[in-house]
>>> print(open('coords.cif').read())   # mmCIF, C-alpha atoms
data_coords
loop_
_atom_site.label_atom_id
_atom_site.label_comp_id
_atom_site.auth_asym_id
_atom_site.auth_seq_id
_atom_site.Cartn_x
_atom_site.Cartn_y
_atom_site.Cartn_z
CA MET A 1 75.94 99.24 107.44
CA PHE A 2 79.75 98.78 107.57
CA SER A 3 79.88 96.23 110.39
CA SER A 4 82.06 93.72 108.51
CA LEU A 5 84.79 96.37 108.21
CA GLY A 6 85.38 95.81 111.91
CA VAL A 7 87.17 92.60 110.92
CA ARG A 8 90.82 93.43 110.25
CA ASN A 9 91.37 90.90 107.48
CA TYR A 10 88.28 92.01 105.62
CA ARG A 11 89.19 95.66 106.08
CA LEU A 12 92.54 95.00 104.38
CA TRP A 13 90.80 93.09 101.61
CA ALA A 14 88.22 95.82 100.96
CA GLY A 15 90.90 98.52 100.83
CA GLY A 16 92.99 96.57 98.35
CA GLN A 17 89.92 95.81 96.26
CA VAL A 18 88.97 99.48 95.89
CA VAL A 19 92.30 100.17 94.20
CA SER A 20 92.57 96.94 92.21
CA LEU A 21 89.00 96.90 90.93
CA THR A 22 89.27 100.52 89.80
CA GLY A 23 92.20 99.46 87.65
CA THR A 24 90.26 96.43 86.40
CA TRP A 25 87.37 98.59 85.23
CA MET A 26 89.78 100.99 83.58
CA GLN A 27 91.25 98.08 81.64
CA ARG A 28 87.84 96.78 80.59
CA ILE A 29 86.91 100.12 79.06
CA ALA A 30 90.32 100.51 77.41
CA GLN A 31 90.26 96.95 76.04
CA ASP A 32 86.79 97.34 74.50
CA TRP A 33 87.78 100.64 72.93
CA LEU A 34 91.06 99.25 71.62
CA VAL A 35 89.20 96.36 69.98
CA LEU A 36 86.73 98.78 68.37
CA GLU A 37 89.63 100.84 67.00
CA LEU A 38 91.54 97.81 65.69
CA SER A 39 88.42 96.25 64.12
CA GLY A 40 86.86 99.36 62.61
CA GLY A 41 83.91 99.39 65.04
CA SER A 42 82.96 95.70 64.73
CA GLY A 43 80.43 94.39 67.22
CA VAL A 44 81.46 90.83 66.40
CA ALA A 45 85.08 91.64 67.36
CA VAL A 46 83.96 92.98 70.75
CA GLY A 47 81.80 89.88 71.20
CA ILE A 48 84.73 87.61 70.36
CA VAL A 49 87.07 89.25 72.85
CA MET A 50 84.40 88.94 75.55
CA ALA A 51 83.88 85.29 74.65
CA LEU A 52 87.62 84.62 74.88
CA GLN A 53 87.89 86.40 78.21
CA PHE A 54 84.90 84.71 79.83
CA GLY A 55 84.84 81.43 77.88
CA PRO A 56 87.47 79.63 80.02
CA THR A 57 85.01 79.81 82.91
CA ALA A 58 83.02 77.04 81.22
CA ILE A 59 86.02 74.71 81.58
CA LEU A 60 87.92 75.96 84.62
CA SER A 61 85.38 77.23 87.17
CA LEU A 62 84.40 73.78 88.42
CA PRO A 63 88.01 72.59 88.93
CA ALA A 64 88.76 75.97 90.53
CA GLY A 65 85.91 75.46 92.98
CA ALA A 66 87.35 72.08 93.91
CA LEU A 67 90.76 73.73 94.42
CA ALA A 68 89.15 76.26 96.76
CA ASP A 69 87.78 73.42 98.90
CA ARG A 70 91.17 71.68 99.07
CA PHE A 71 93.85 74.38 99.38
CA ASP A 72 94.63 77.68 101.13
CA LYS A 73 92.41 80.26 99.41
CA ARG A 74 94.62 83.19 100.41
CA LYS A 75 97.67 81.67 98.70
CA LEU A 76 95.63 80.79 95.62
CA LEU A 77 94.42 84.39 95.37
CA ILE A 78 97.95 85.79 95.65
CA GLY A 79 98.94 83.60 92.70
CA THR A 80 96.00 84.62 90.52
CA GLN A 81 96.47 88.32 91.27
CA VAL A 82 100.14 88.20 90.27
CA ALA A 83 99.25 86.40 87.03
CA MET A 84 96.52 88.91 86.13
CA ALA A 85 98.92 91.79 86.76
CA MET A 86 101.38 90.23 84.33
CA CYS A 87 98.69 89.99 81.62
CA ALA A 88 97.82 93.66 82.02
CA LEU A 89 101.49 94.64 81.97
CA LEU A 90 102.13 92.71 78.76
CA LEU A 91 99.07 94.16 77.03
CA GLY A 92 100.12 97.66 78.07
CA VAL A 93 103.66 97.23 76.76
CA ILE A 94 102.40 95.86 73.43
CA ASP A 95 99.89 98.68 73.03
CA VAL A 96 102.30 101.47 73.99
CA SER A 97 104.91 100.11 71.58
CA GLY A 98 102.42 100.24 68.71
CA ALA A 99 102.48 96.47 68.16
CA ALA A 100 98.87 95.84 69.22
CA ASN A 101 96.67 93.87 66.83
CA LEU A 102 93.49 91.83 67.17
CA PRO A 103 95.15 88.37 67.41
CA LEU A 104 97.41 89.59 70.25
CA VAL A 105 94.50 91.19 72.11
CA TYR A 106 92.49 88.00 71.63
CA ALA A 107 95.34 85.87 72.99
CA LEU A 108 95.86 88.01 76.09
CA SER A 109 92.11 88.18 76.69
CA PHE A 110 92.02 84.38 76.65
CA ALA A 111 94.97 84.16 79.07
CA LEU A 112 93.30 86.65 81.41
CA GLY A 113 90.07 84.68 81.13
CA CYS A 114 91.81 81.47 82.20
CA ILE A 115 93.29 83.15 85.28
CA SER A 116 90.02 84.90 86.16
CA ALA A 117 88.13 81.60 85.88
CA VAL A 118 90.33 80.20 88.64
CA ASP A 119 90.26 83.40 90.70
CA ALA A 120 86.48 83.95 90.83
CA PRO A 121 85.19 80.93 92.82
CA VAL A 122 88.18 81.13 95.18
CA ARG A 123 87.54 84.83 95.75
CA GLN A 124 83.82 84.39 96.36
CA SER A 125 84.24 81.51 98.80
CA PHE A 126 87.05 83.35 100.64
CA THR A 127 84.71 86.08 101.95
CA ILE A 128 83.10 83.90 104.60
CA GLU A 129 86.55 82.85 105.86
CA MET A 130 87.36 86.50 106.53
CA VAL A 131 84.13 87.53 108.27
CA GLY A 132 82.21 84.41 109.33
CA VAL A 133 78.56 83.44 108.83
CA GLU A 134 76.96 86.30 110.81
CA GLN A 135 78.75 89.05 108.90
CA LEU A 136 78.54 87.42 105.46
CA PRO A 137 75.40 89.23 104.16
CA ASN A 138 76.94 92.58 105.08
CA ALA A 139 80.31 91.62 103.57
CA VAL A 140 78.68 90.46 100.31
CA ALA A 141 76.84 93.78 100.08
CA LEU A 142 80.04 95.70 100.79
CA ASN A 143 81.81 93.65 98.12
CA SER A 144 79.15 94.88 95.71
CA LEU A 145 79.56 98.41 97.05
CA THR A 146 83.31 98.25 96.48
CA PHE A 147 82.87 96.71 93.04
CA ASN A 148 80.44 99.39 91.94
CA LEU A 149 82.40 102.25 93.46
CA ALA A 150 85.28 101.09 91.28
CA ARG A 151 82.79 100.74 88.41
CA ILE A 152 81.99 104.45 88.73
CA VAL A 153 85.53 105.74 89.13
CA GLY A 154 87.24 103.30 86.73
CA PRO A 155 85.26 103.97 83.53
CA ALA A 156 85.27 107.72 84.15
CA LEU A 157 89.06 107.74 84.59
CA ALA A 158 89.50 105.41 81.62
CA GLY A 159 87.43 107.60 79.33
CA LEU A 160 89.46 110.66 80.33
CA LEU A 161 92.84 108.93 80.08
CA ILE A 162 92.06 107.26 76.74
CA THR A 163 91.19 110.69 75.34
CA LEU A 164 94.38 112.23 76.73
CA ILE A 165 97.02 109.49 76.47
CA ASP A 166 95.41 106.56 74.58
CA THR A 167 94.67 103.03 75.80
CA GLY A 168 98.18 101.64 76.44
CA PRO A 169 98.97 103.55 79.65
CA VAL A 170 95.58 102.51 81.06
CA PHE A 171 96.64 98.84 80.90
CA LEU A 172 99.90 99.70 82.68
CA ILE A 173 97.99 101.51 85.43
CA ASN A 174 95.84 98.43 85.97
CA ALA A 175 98.95 96.27 86.30
CA GLY A 176 100.20 98.58 89.04
CA SER A 177 96.83 98.64 90.84
CA SER A 178 97.03 94.86 91.39
CA ILE A 179 99.81 95.45 93.90
CA ALA A 180 97.27 96.83 96.40
CA VAL A 181 95.27 93.62 96.75
CA ILE A 182 98.43 91.46 96.73
CA LEU A 183 99.83 93.47 99.66
CA ALA A 184 96.48 93.22 101.45
CA LEU A 185 96.49 89.43 101.14
CA LEU A 186 100.08 89.22 102.39
CA ALA A 187 99.26 91.43 105.39
CA MET A 188 96.34 89.27 106.58
CA ARG A 189 96.64 87.25 109.78
CA SER A 190 96.12 83.60 108.90
CA SER A 191 95.23 82.79 112.50
CA GLU A 192 92.16 85.07 112.25
CA LEU A 193 90.73 83.40 109.14
CA MET A 194 87.66 81.28 109.97
CA ARG A 195 88.48 78.16 108.00
CA SER A 196 86.26 75.11 108.20
CA ALA A 197 87.63 71.74 109.17
CA LYS A 198 88.65 69.58 106.23
CA SER A 199 85.93 67.11 105.37
CA ILE A 200 86.71 63.44 104.83
CA ARG A 201 83.81 62.98 102.42
CA ASP A 202 84.00 63.02 98.64
CA ARG A 203 85.58 66.27 97.47
CA SER A 204 85.15 65.67 93.75
CA ILE A 205 83.51 68.00 91.26
CA ARG A 206 80.79 65.43 90.66
CA SER A 207 79.80 65.47 94.34
CA GLY A 208 79.37 69.25 94.13
CA ILE A 209 77.04 68.88 91.15
CA ARG A 210 75.02 66.21 92.95
CA TYR A 211 74.75 68.49 95.98
CA VAL A 212 73.30 71.34 93.90
CA ARG A 213 70.82 69.04 92.14
CA ARG A 214 69.43 67.94 95.50
CA HIS A 215 68.51 71.51 96.46
CA ARG A 216 65.75 72.95 94.30
CA HIS A 217 66.24 76.58 95.29
CA LEU A 218 69.89 76.40 94.17
CA VAL A 219 68.83 75.01 90.78
CA VAL A 220 66.28 77.83 90.34
CA VAL A 221 68.82 80.51 91.22
CA LEU A 222 71.50 79.03 88.96
CA ALA A 223 69.15 78.63 85.97
CA THR A 224 67.98 82.24 86.26
CA VAL A 225 71.52 83.54 86.73
CA PHE A 226 72.67 81.69 83.61
CA MET A 227 69.98 83.21 81.37
CA VAL A 228 70.27 86.75 82.74
CA ALA A 229 74.07 86.74 82.68
CA THR A 230 74.32 85.18 79.22
CA PHE A 231 71.88 87.51 77.48
CA GLY A 232 71.07 90.40 79.83
CA LEU A 233 74.43 91.39 81.32
CA ASN A 234 75.89 92.48 78.00
CA PHE A 235 76.78 96.08 78.86
CA PRO A 236 80.46 96.10 77.78
CA LEU A 237 79.22 95.05 74.35
CA SER A 238 75.96 96.98 74.09
CA LEU A 239 77.11 100.29 75.56
CA ALA A 240 80.29 100.36 73.46
CA LEU A 241 78.31 99.74 70.27
CA LEU A 242 75.55 102.16 71.23
CA THR A 243 78.07 104.92 71.96
CA ALA A 244 80.23 104.41 68.87
CA ASN A 245 77.67 103.43 66.23
CA THR A 246 74.32 104.94 67.27
CA PHE A 247 75.31 108.16 69.02
CA GLU A 248 78.69 108.51 67.26
CA GLY A 249 80.36 109.24 70.56
CA SER A 250 83.86 108.83 71.96
CA ALA A 251 85.50 106.75 74.65
CA GLY A 252 84.44 109.45 77.11
CA GLY A 253 80.79 108.83 76.22
CA TYR A 254 81.22 105.09 76.70
CA GLY A 255 82.83 105.73 80.07
CA LEU A 256 79.94 108.01 81.06
CA LEU A 257 77.30 105.39 80.26
CA SER A 258 79.23 102.77 82.23
CA THR A 259 79.46 105.22 85.13
CA MET A 260 75.70 105.90 85.11
CA LEU A 261 75.04 102.16 85.25
CA ALA A 262 77.46 101.89 88.16
CA ILE A 263 75.73 104.73 90.03
CA GLY A 264 72.57 102.62 90.03
CA THR A 265 74.35 99.49 91.20
CA LEU A 266 76.18 101.46 93.87
CA GLY A 267 72.87 102.78 95.20
CA GLY A 268 71.46 99.27 95.23
CA ALA A 269 74.53 98.01 97.07
CA VAL A 270 74.09 100.68 99.77
CA VAL A 271 70.52 99.52 100.34
CA ALA A 272 71.63 95.88 100.40
CA ALA A 273 74.33 96.64 102.99
CA ARG A 274 71.65 97.91 105.39
CA ARG A 275 69.71 94.66 105.31
CA THR A 276 70.21 92.13 108.06
CA ARG A 277 67.65 89.45 107.09
CA PRO A 278 68.62 86.45 104.94
CA ALA A 279 68.05 86.75 101.19
CA ARG A 280 64.84 85.36 99.72
CA VAL A 281 64.35 83.53 96.46
CA ARG A 282 61.35 85.76 95.82
CA GLN A 283 63.54 88.86 96.19
CA PHE A 284 66.02 87.38 93.74
CA LEU A 285 63.40 86.55 91.10
CA VAL A 286 61.66 89.92 91.38
CA GLY A 287 65.02 91.64 90.96
CA ALA A 288 65.84 89.58 87.85
CA PHE A 289 62.42 90.33 86.31
CA ALA A 290 62.70 94.06 87.08
CA PHE A 291 66.19 94.11 85.58
CA GLY A 292 64.91 92.61 82.32
CA ILE A 293 62.06 95.11 81.99
CA ALA A 294 64.33 98.07 82.77
CA GLU A 295 66.90 96.90 80.21
CA VAL A 296 64.25 96.72 77.49
CA ILE A 297 63.19 100.29 78.31
CA VAL A 298 66.82 101.47 77.99
CA GLY A 299 67.01 99.84 74.57
CA PHE A 300 64.12 101.98 73.33
CA MET A 301 65.40 105.30 74.69
CA PRO A 302 65.88 107.70 71.72
CA THR A 303 68.75 109.88 72.99
CA PHE A 304 72.12 109.40 74.66
CA TRP A 305 71.12 111.24 77.82
CA LEU A 306 67.85 109.32 78.24
CA VAL A 307 69.84 106.09 77.94
CA ALA A 308 72.28 107.39 80.56
CA VAL A 309 69.49 108.28 83.03
CA MET A 310 67.62 104.99 82.57
CA LEU A 311 70.76 102.99 83.23
CA ILE A 312 70.45 103.97 86.91
CA PRO A 313 67.31 101.85 87.61
CA VAL A 314 68.87 99.06 85.54
CA GLY A 315 71.83 99.13 87.91
CA ILE A 316 69.59 99.06 90.98
CA ALA A 317 67.68 96.03 89.70
CA ASN A 318 70.94 94.35 88.75
CA ILE A 319 72.25 94.58 92.31
CA MET A 320 68.91 93.41 93.75
CA PHE A 321 69.15 90.04 92.10
CA SER A 322 72.95 89.63 92.12
CA THR A 323 73.45 90.24 95.86
CA ALA A 324 70.44 88.06 96.66
CA ALA A 325 71.92 85.29 94.50
CA MET A 326 75.30 85.53 96.18
CA ASN A 327 73.78 85.39 99.67
CA ILE A 328 71.64 82.41 98.73
CA MET A 329 74.55 80.49 97.23
CA GLN A 330 76.89 81.07 100.17
CA LEU A 331 74.60 80.92 103.19
CA SER A 332 72.54 77.87 102.24
CA VAL A 333 75.39 75.44 101.51
CA GLU A 334 77.64 73.42 103.79
CA SER A 335 81.08 74.92 104.37
CA ASP A 336 83.07 72.11 102.77
CA MET A 337 80.92 72.41 99.62
CA ARG A 338 81.11 76.17 99.28
CA GLY A 339 84.05 76.32 96.88
CA ARG A 340 82.49 73.83 94.45
CA VAL A 341 79.06 75.46 94.66
CA MET A 342 80.62 78.85 93.94
CA GLY A 343 82.48 77.25 91.02
CA ILE A 344 79.12 76.12 89.60
CA TYR A 345 77.71 79.60 90.25
CA MET A 346 80.56 81.28 88.38
CA LEU A 347 80.10 78.78 85.53
CA CYS A 348 76.47 79.87 85.23
CA PHE A 349 77.31 83.55 85.70
CA LEU A 350 80.13 83.76 83.15
CA GLY A 351 80.11 80.50 81.23
CA GLY A 352 77.35 81.58 78.86
CA THR A 353 79.22 84.66 77.68
CA PRO A 354 80.92 82.79 74.79
CA ILE A 355 77.39 82.03 73.53
CA GLY A 356 75.67 85.32 74.26
CA SER A 357 78.32 87.88 73.34
CA PRO A 358 79.08 86.82 69.74
CA LEU A 359 75.36 86.22 69.10
CA LEU A 360 74.34 89.61 70.44
CA GLY A 361 77.25 91.29 68.65
CA TRP A 362 76.07 89.73 65.38
CA LEU A 363 72.47 90.85 66.02
CA ALA A 364 73.72 94.38 66.66
CA GLU A 365 75.54 94.40 63.32
CA VAL A 366 72.72 92.98 61.18
CA THR A 367 69.88 94.85 62.90
CA ASP A 368 70.60 97.71 65.30
CA PRO A 369 73.07 98.44 68.15
CA ARG A 370 70.07 98.57 70.49
CA ALA A 371 69.27 94.89 69.85
CA PRO A 372 71.51 93.46 72.63
CA LEU A 373 69.69 95.53 75.24
CA ILE A 374 66.18 94.78 73.99
CA ILE A 375 66.70 91.06 73.35
CA GLY A 376 68.73 90.61 76.53
CA GLY A 377 66.07 92.32 78.63
CA ILE A 378 63.26 90.24 77.16
CA VAL A 379 65.14 86.98 77.76
CA SER A 380 65.96 88.01 81.35
CA ALA A 381 62.37 88.91 82.24
CA ILE A 382 60.91 85.77 80.67
CA SER A 383 63.49 83.55 82.37
CA ALA A 384 62.75 85.01 85.82
CA ALA A 385 59.00 84.64 85.32
CA PHE A 386 59.35 81.07 84.03
CA CYS A 387 61.54 79.99 86.97
CA ALA A 388 59.10 81.60 89.43
CA ILE A 389 56.19 79.67 87.89
CA LEU A 390 58.13 76.40 88.03
CA LEU A 391 59.04 76.96 91.66
CA LEU A 392 55.46 77.82 92.61
CA ARG A 393 54.11 74.73 90.83
CA SER A 394 56.62 72.42 92.51
CA THR A 395 55.83 74.03 95.87
CA HIS A 396 52.11 73.32 95.44
CA GLN A 397 52.99 69.70 94.74
CA ARG A 398 55.10 69.55 97.94
CA PRO A 399 53.44 72.07 100.29
CA GLY A 400 55.54 71.15 103.28
CA LEU A 401 58.64 72.94 101.94
CA ASP A 402 59.78 76.35 103.12
CA HIS A 403 59.79 77.35 99.46
CA GLY A 404 56.00 77.55 99.66
CA LYS A 405 56.61 81.15 100.72
CA LEU A 406 59.65 81.43 98.49
CA VAL A 407 61.75 82.08 101.57
CA LEU A 408 65.36 80.96 101.75
CA THR A 409 66.53 79.27 104.92
CA THR A 410 70.16 78.72 105.76
CA THR A 411 69.61 74.97 105.88
CA GLY A 412 68.67 74.61 102.24
CA ASP A 413 65.84 72.48 100.88
#
>>> encode(input="coords.cif", output="C-alpha cells")
Amino acid sequence: MFSSLGVRNYRLWAGGQVVSLTGTWMQRIAQDWLVLELSGGSGVAVGIVMALQFGPTAILSLPAGALADRFDKRKLLIGTQVAMAMCALLLGVIDVSGAANLPLVYALSFALGCISAVDAPVRQSFTIEMVGVEQLPNAVALNSLTFNLARIVGPALAGLLITLIDTGPVFLINAGSSIAVILALLAMRSSELMRSAKSIRDRSIRSGIRYVRRHRHLVVVLATVFMVATFGLNFPLSLALLTANTFEGSAGGYGLLSTMLAIGTLGGAVVAARRTRPARVRQFLVGAFAFGIAEVIVGFMPTFWLVAVMLIPVGIANIMFSTAAMNIMQLSVESDMRGRVMGIYMLCFLGGTPIGSPLLGWLAEVTDPRAPLIIGGIVSAISAAFCAILLLRSTHQRPGLDHGKLVLTTTGD
C-alpha cells in the first residue's frame, strides 16, 4: 500500500506535502469565510473569488505544461512554492492589520491563481520523475491520500482557529507551512530523479493538443473532467453557503462539513492505494456518474447532520474518478508529452471554475443554497453517461480497439 514511500525523494515530497497542504486547506476555509464576512454572506462574492483564483488556469496551464517539458521541474516547483508563500503572508498581514477588503482579497486570489496555474501541471508531471512508471499508480493514490488527510485536518483546524483568533493568523500559518515542501525539494537528490531524455521533436503547445486529439480515451476523460469539475466540484462555494445561509452555522460548521467530505475521499484514496492494476476508463466513468448521483442526494438532505453523513460517499466517489483520471492521463502518454498533457488536464479540471462558480453562486442567491449541489450533481451524472454512450458507439464502429472493453492500456489508442 505504501510501496512508493520506499523512494527517498518521494518520501521527502510526501512529508513536506502533509504539512504544506494542511496549511493550504486552512487558508481555503479562512479565505471563504473572510469573503462571506466582508460581503455580508454573498454567494456571488464567494463565486467571484473562486473564479479569480482558478481562472488563470484557462490561460496559463498550457504554457506551464510546456515549461514542465522543457525545464527542471524541481526548480520550477521551488519557485512556485516561494511565490505562493508570499501571497499567503501578504494576505495574513493585511487581514491581521484590519485593512482587508474585497478588492484586496480579489487581487491576492488572482495572484495566487496565476502561481497555482503554473504549479499544478509541473507538480503532477513531477511525480513520475520521483518514483518511475511502476510505482506511479501507488504514488498517485498516496498523493490523494496526503491531499485528503490534509483536507481533514486543515478545515477542522481552520474552523477552530477562526473561532478563537479570526482568519488573519490562519493565513500566516499557511505561509509558514510552505517552508516544509520547499525544504523537501531542496533536500532531494537530483541524481535519483528519473528524468526522460529531451526529445528533439516539436515541443510546442499545439503539438500537445494534437497529441490529445489523436487519442480518443484522453478526449473522453478530459471532457468528463471538465463538466464534473466545472459544475460538480463546487464544495467551497456550496458548503459555505449551506452552512451560513441554510443552517445558520459558523465557521466551525463549515469546517466540519469539509472534514466529512475529506473523510470520504481519504477512505477512497486508501482503497486506491491498494490497487496494482492500471486504471480503466470504465472505472473512471462509473465513478463520475456515482459522484453526480451522490451529490444530488446531499443537496436534498433536510438537516445539517444528514448532509454531513452523506458527504462521505460523495468523497469516495470523487476519489474513484479523480485517481482513475490521473492514472489514465499520466500512464498512457509518452514521457516527453506528459507536461503538456497534464497542462491540458489542469485546464479542464480548473479552467471551468470561472464559469461555474459565479453561475452557481448566482443560482444559490436567487433560488436556494442547495442549488449548486443539486444542479452540479445532475450535470456530472449526465456528462458521465453521455461520454460513456459516445465511447461505446465509437467502439462499435471500430471494434478492433481496446476501448471495446473500456480498458485503458499504457500505450494509448
>>> closest_residue(input="coords.cif", among="A:Ile173, A:Leu242, A:Ala385, A:Leu160", to="Gly299 of chain A", atoms="only C-alpha atoms")
A:Leu242
>>> residues_around(input="coords.cif", residues="Thr22 of chain A", least_positions_apart="3", cutoff="6 Å", atoms="all atoms listed in the file", output="number ranges by chain")
A: 19, 25, 150, 154
>>> atom_distance(input="coords.cif", atom1="atom CA of Gly79 of chain A", atom2="atom CA of Val118 of chain A")
10.1 Å
>>> resolve_selection(input="coords.cif", expression="the PyMOL selection byres ((chain A and resi 256) around 12)", output="number ranges by chain")
A: 29, 151-160, 239-240, 243, 249-255, 257-263, 304-305, 307-309, 311-312
>>> atom_distance(input="coords.cif", atom1="atom CA of Glu192 of chain A", atom2="atom CA of Leu331 of chain A")
20.2 Å
>>> resolve_selection(input="coords.cif", expression="the PyMOL selection byres ((chain A and resi 359) around 12)", output="compact mmCIF listing (two decimals) with C-alpha atoms, in the coordinates of the input")
# COMPACT_ATOMS: atom_id res chain seq x y z
CA GLY A 43 80.43 94.39 67.22
CA VAL A 44 81.46 90.83 66.40
CA ALA A 45 85.08 91.64 67.36
CA VAL A 46 83.96 92.98 70.75
CA GLY A 47 81.80 89.88 71.20
CA ILE A 48 84.73 87.61 70.36
CA MET A 50 84.40 88.94 75.55
CA ALA A 51 83.88 85.29 74.65
CA THR A 230 74.32 85.18 79.22
CA PHE A 231 71.88 87.51 77.48
CA ASN A 234 75.89 92.48 78.00
CA LEU A 237 79.22 95.05 74.35
CA SER A 238 75.96 96.98 74.09
CA GLY A 352 77.35 81.58 78.86
CA THR A 353 79.22 84.66 77.68
CA PRO A 354 80.92 82.79 74.79
CA ILE A 355 77.39 82.03 73.53
CA GLY A 356 75.67 85.32 74.26
CA SER A 357 78.32 87.88 73.34
CA PRO A 358 79.08 86.82 69.74
CA LEU A 360 74.34 89.61 70.44
CA GLY A 361 77.25 91.29 68.65
CA TRP A 362 76.07 89.73 65.38
CA LEU A 363 72.47 90.85 66.02
CA ALA A 364 73.72 94.38 66.66
CA GLU A 365 75.54 94.40 63.32
CA VAL A 366 72.72 92.98 61.18
CA THR A 367 69.88 94.85 62.90
CA ALA A 371 69.27 94.89 69.85
CA PRO A 372 71.51 93.46 72.63
CA ILE A 375 66.70 91.06 73.35
CA GLY A 376 68.73 90.61 76.53
>>> closest_residue(input="coords.cif", among="A:Leu12, A:Val82, A:Ala117, A:Val379", to="Gly65 of chain A", atoms="all atoms listed in the file")
A:Ala117
>>> resolve_selection(input="coords.cif", expression="the PyMOL selection byres ((chain A and resi 387) around 10)", output="list in words")
Val219, Val220, Val221, Ala223, Thr224, Leu285, Ile382, Ser383, Ala384, Ala385, Phe386, Ala388, Ile389, Leu390, Leu391, Leu392 and Arg393 of chain A
>>> residues_near_point(input="coords.cif", point="(90.8, 81.5, 93.9)", cutoff="10 Å", atoms="only C-alpha atoms", output="PDB file with C-alpha atoms, in the coordinates of the input")
ATOM      1  CA  SER A  61      85.380  77.230  87.170  1.00  0.00           C
ATOM      2  CA  ALA A  64      88.760  75.970  90.530  1.00  0.00           C
ATOM      3  CA  GLY A  65      85.910  75.460  92.980  1.00  0.00           C
ATOM      4  CA  LEU A  67      90.760  73.730  94.420  1.00  0.00           C
ATOM      5  CA  ALA A  68      89.150  76.260  96.760  1.00  0.00           C
ATOM      6  CA  ASP A  69      87.780  73.420  98.900  1.00  0.00           C
ATOM      7  CA  PHE A  71      93.850  74.380  99.380  1.00  0.00           C
ATOM      8  CA  ASP A  72      94.630  77.680 101.130  1.00  0.00           C
ATOM      9  CA  LYS A  73      92.410  80.260  99.410  1.00  0.00           C
ATOM     10  CA  ARG A  74      94.620  83.190 100.410  1.00  0.00           C
ATOM     11  CA  LYS A  75      97.670  81.670  98.700  1.00  0.00           C
ATOM     12  CA  LEU A  76      95.630  80.790  95.620  1.00  0.00           C
ATOM     13  CA  LEU A  77      94.420  84.390  95.370  1.00  0.00           C
ATOM     14  CA  ILE A  78      97.950  85.790  95.650  1.00  0.00           C
ATOM     15  CA  GLY A  79      98.940  83.600  92.700  1.00  0.00           C
ATOM     16  CA  THR A  80      96.000  84.620  90.520  1.00  0.00           C
ATOM     17  CA  GLN A  81      96.470  88.320  91.270  1.00  0.00           C
ATOM     18  CA  ILE A 115      93.290  83.150  85.280  1.00  0.00           C
ATOM     19  CA  SER A 116      90.020  84.900  86.160  1.00  0.00           C
ATOM     20  CA  ALA A 117      88.130  81.600  85.880  1.00  0.00           C
ATOM     21  CA  VAL A 118      90.330  80.200  88.640  1.00  0.00           C
ATOM     22  CA  ASP A 119      90.260  83.400  90.700  1.00  0.00           C
ATOM     23  CA  ALA A 120      86.480  83.950  90.830  1.00  0.00           C
ATOM     24  CA  PRO A 121      85.190  80.930  92.820  1.00  0.00           C
ATOM     25  CA  VAL A 122      88.180  81.130  95.180  1.00  0.00           C
ATOM     26  CA  ARG A 123      87.540  84.830  95.750  1.00  0.00           C
ATOM     27  CA  GLN A 124      83.820  84.390  96.360  1.00  0.00           C
ATOM     28  CA  SER A 125      84.240  81.510  98.800  1.00  0.00           C
ATOM     29  CA  PHE A 126      87.050  83.350 100.640  1.00  0.00           C
ATOM     30  CA  GLY A 339      84.050  76.320  96.880  1.00  0.00           C
ATOM     31  CA  GLY A 343      82.480  77.250  91.020  1.00  0.00           C
TER      32      GLY A 343
END
>>> residues_around(input="coords.cif", residues="Glu37 of chain A", least_positions_apart="4", cutoff="12 Å", atoms="only C-alpha atoms", output="short mmCIF file (atom, residue, chain, number, x, y, z; two decimals) with C-alpha atoms, in the coordinates of the input")
data_model
loop_
_atom_site.label_atom_id
_atom_site.label_comp_id
_atom_site.auth_asym_id
_atom_site.auth_seq_id
_atom_site.Cartn_x
_atom_site.Cartn_y
_atom_site.Cartn_z
CA ALA A 30 90.32 100.51 77.41
CA GLN A 31 90.26 96.95 76.04
CA ASP A 32 86.79 97.34 74.50
CA TRP A 33 87.78 100.64 72.93
CA GLY A 41 83.91 99.39 65.04
CA SER A 42 82.96 95.70 64.73
CA GLY A 43 80.43 94.39 67.22
CA ALA A 45 85.08 91.64 67.36
CA VAL A 46 83.96 92.98 70.75
CA ALA A 100 98.87 95.84 69.22
CA ASN A 101 96.67 93.87 66.83
CA LEU A 102 93.49 91.83 67.17
CA VAL A 105 94.50 91.19 72.11
CA ILE A 162 92.06 107.26 76.74
CA ASP A 166 95.41 106.56 74.58
CA THR A 167 94.67 103.03 75.80
CA ALA A 240 80.29 100.36 73.46
CA LEU A 241 78.31 99.74 70.27
CA ALA A 244 80.23 104.41 68.87
CA SER A 250 83.86 108.83 71.96
CA ALA A 251 85.50 106.75 74.65
#
>>> closest_residue(input="coords.cif", among="A:Leu350, A:Met301, A:Met84, A:Phe147", to="Ile182 of chain A", atoms="all atoms listed in the file")
A:Met84
>>> closest_residue(input="coords.cif", among="A:Ser191, A:Thr146, A:Gln135, A:Thr57", to="Phe110 of chain A", atoms="all atoms listed in the file")
A:Thr57
>>> closest_residue(input="coords.cif", among="A:Met227, A:Ile205, A:Leu183, A:Met346", to="Arg70 of chain A", atoms="all atoms listed in the file")
A:Ile205
>>> closest_residue(input="coords.cif", among="A:Leu186, A:Val131, A:Met26, A:Leu306", to="Ser4 of chain A", atoms="all atoms listed in the file")
A:Val131
>>> atom_distance(input="coords.cif", atom1="atom CA of Phe2 of chain A", atom2="atom CA of Val281 of chain A")
24.4 Å
>>> residues_around(input="coords.cif", residues="Asn174 of chain A", least_positions_apart="5", cutoff="8 Å", atoms="only C-alpha atoms", output="PDB file with C-alpha atoms, in the coordinates of the input")
ATOM      1  CA  SER A  20      92.570  96.940  92.210  1.00  0.00           C
ATOM      2  CA  THR A  22      89.270 100.520  89.800  1.00  0.00           C
ATOM      3  CA  GLY A  23      92.200  99.460  87.650  1.00  0.00           C
ATOM      4  CA  THR A  24      90.260  96.430  86.400  1.00  0.00           C
ATOM      5  CA  MET A  26      89.780 100.990  83.580  1.00  0.00           C
ATOM      6  CA  GLN A  27      91.250  98.080  81.640  1.00  0.00           C
ATOM      7  CA  ALA A  85      98.920  91.790  86.760  1.00  0.00           C
ATOM      8  CA  ALA A  88      97.820  93.660  82.020  1.00  0.00           C
ATOM      9  CA  LEU A  89     101.490  94.640  81.970  1.00  0.00           C
TER      10      LEU A  89
END
>>> axis_aligned_box(input="coords.cif", around="segment 98-109 of chain A", padding_each_side="3 Å", output="JSON")
{"center_x": 97.3, "center_y": 93.1, "center_z": 71.8, "size_x": 16.4, "size_y": 20.4, "size_z": 15.9}
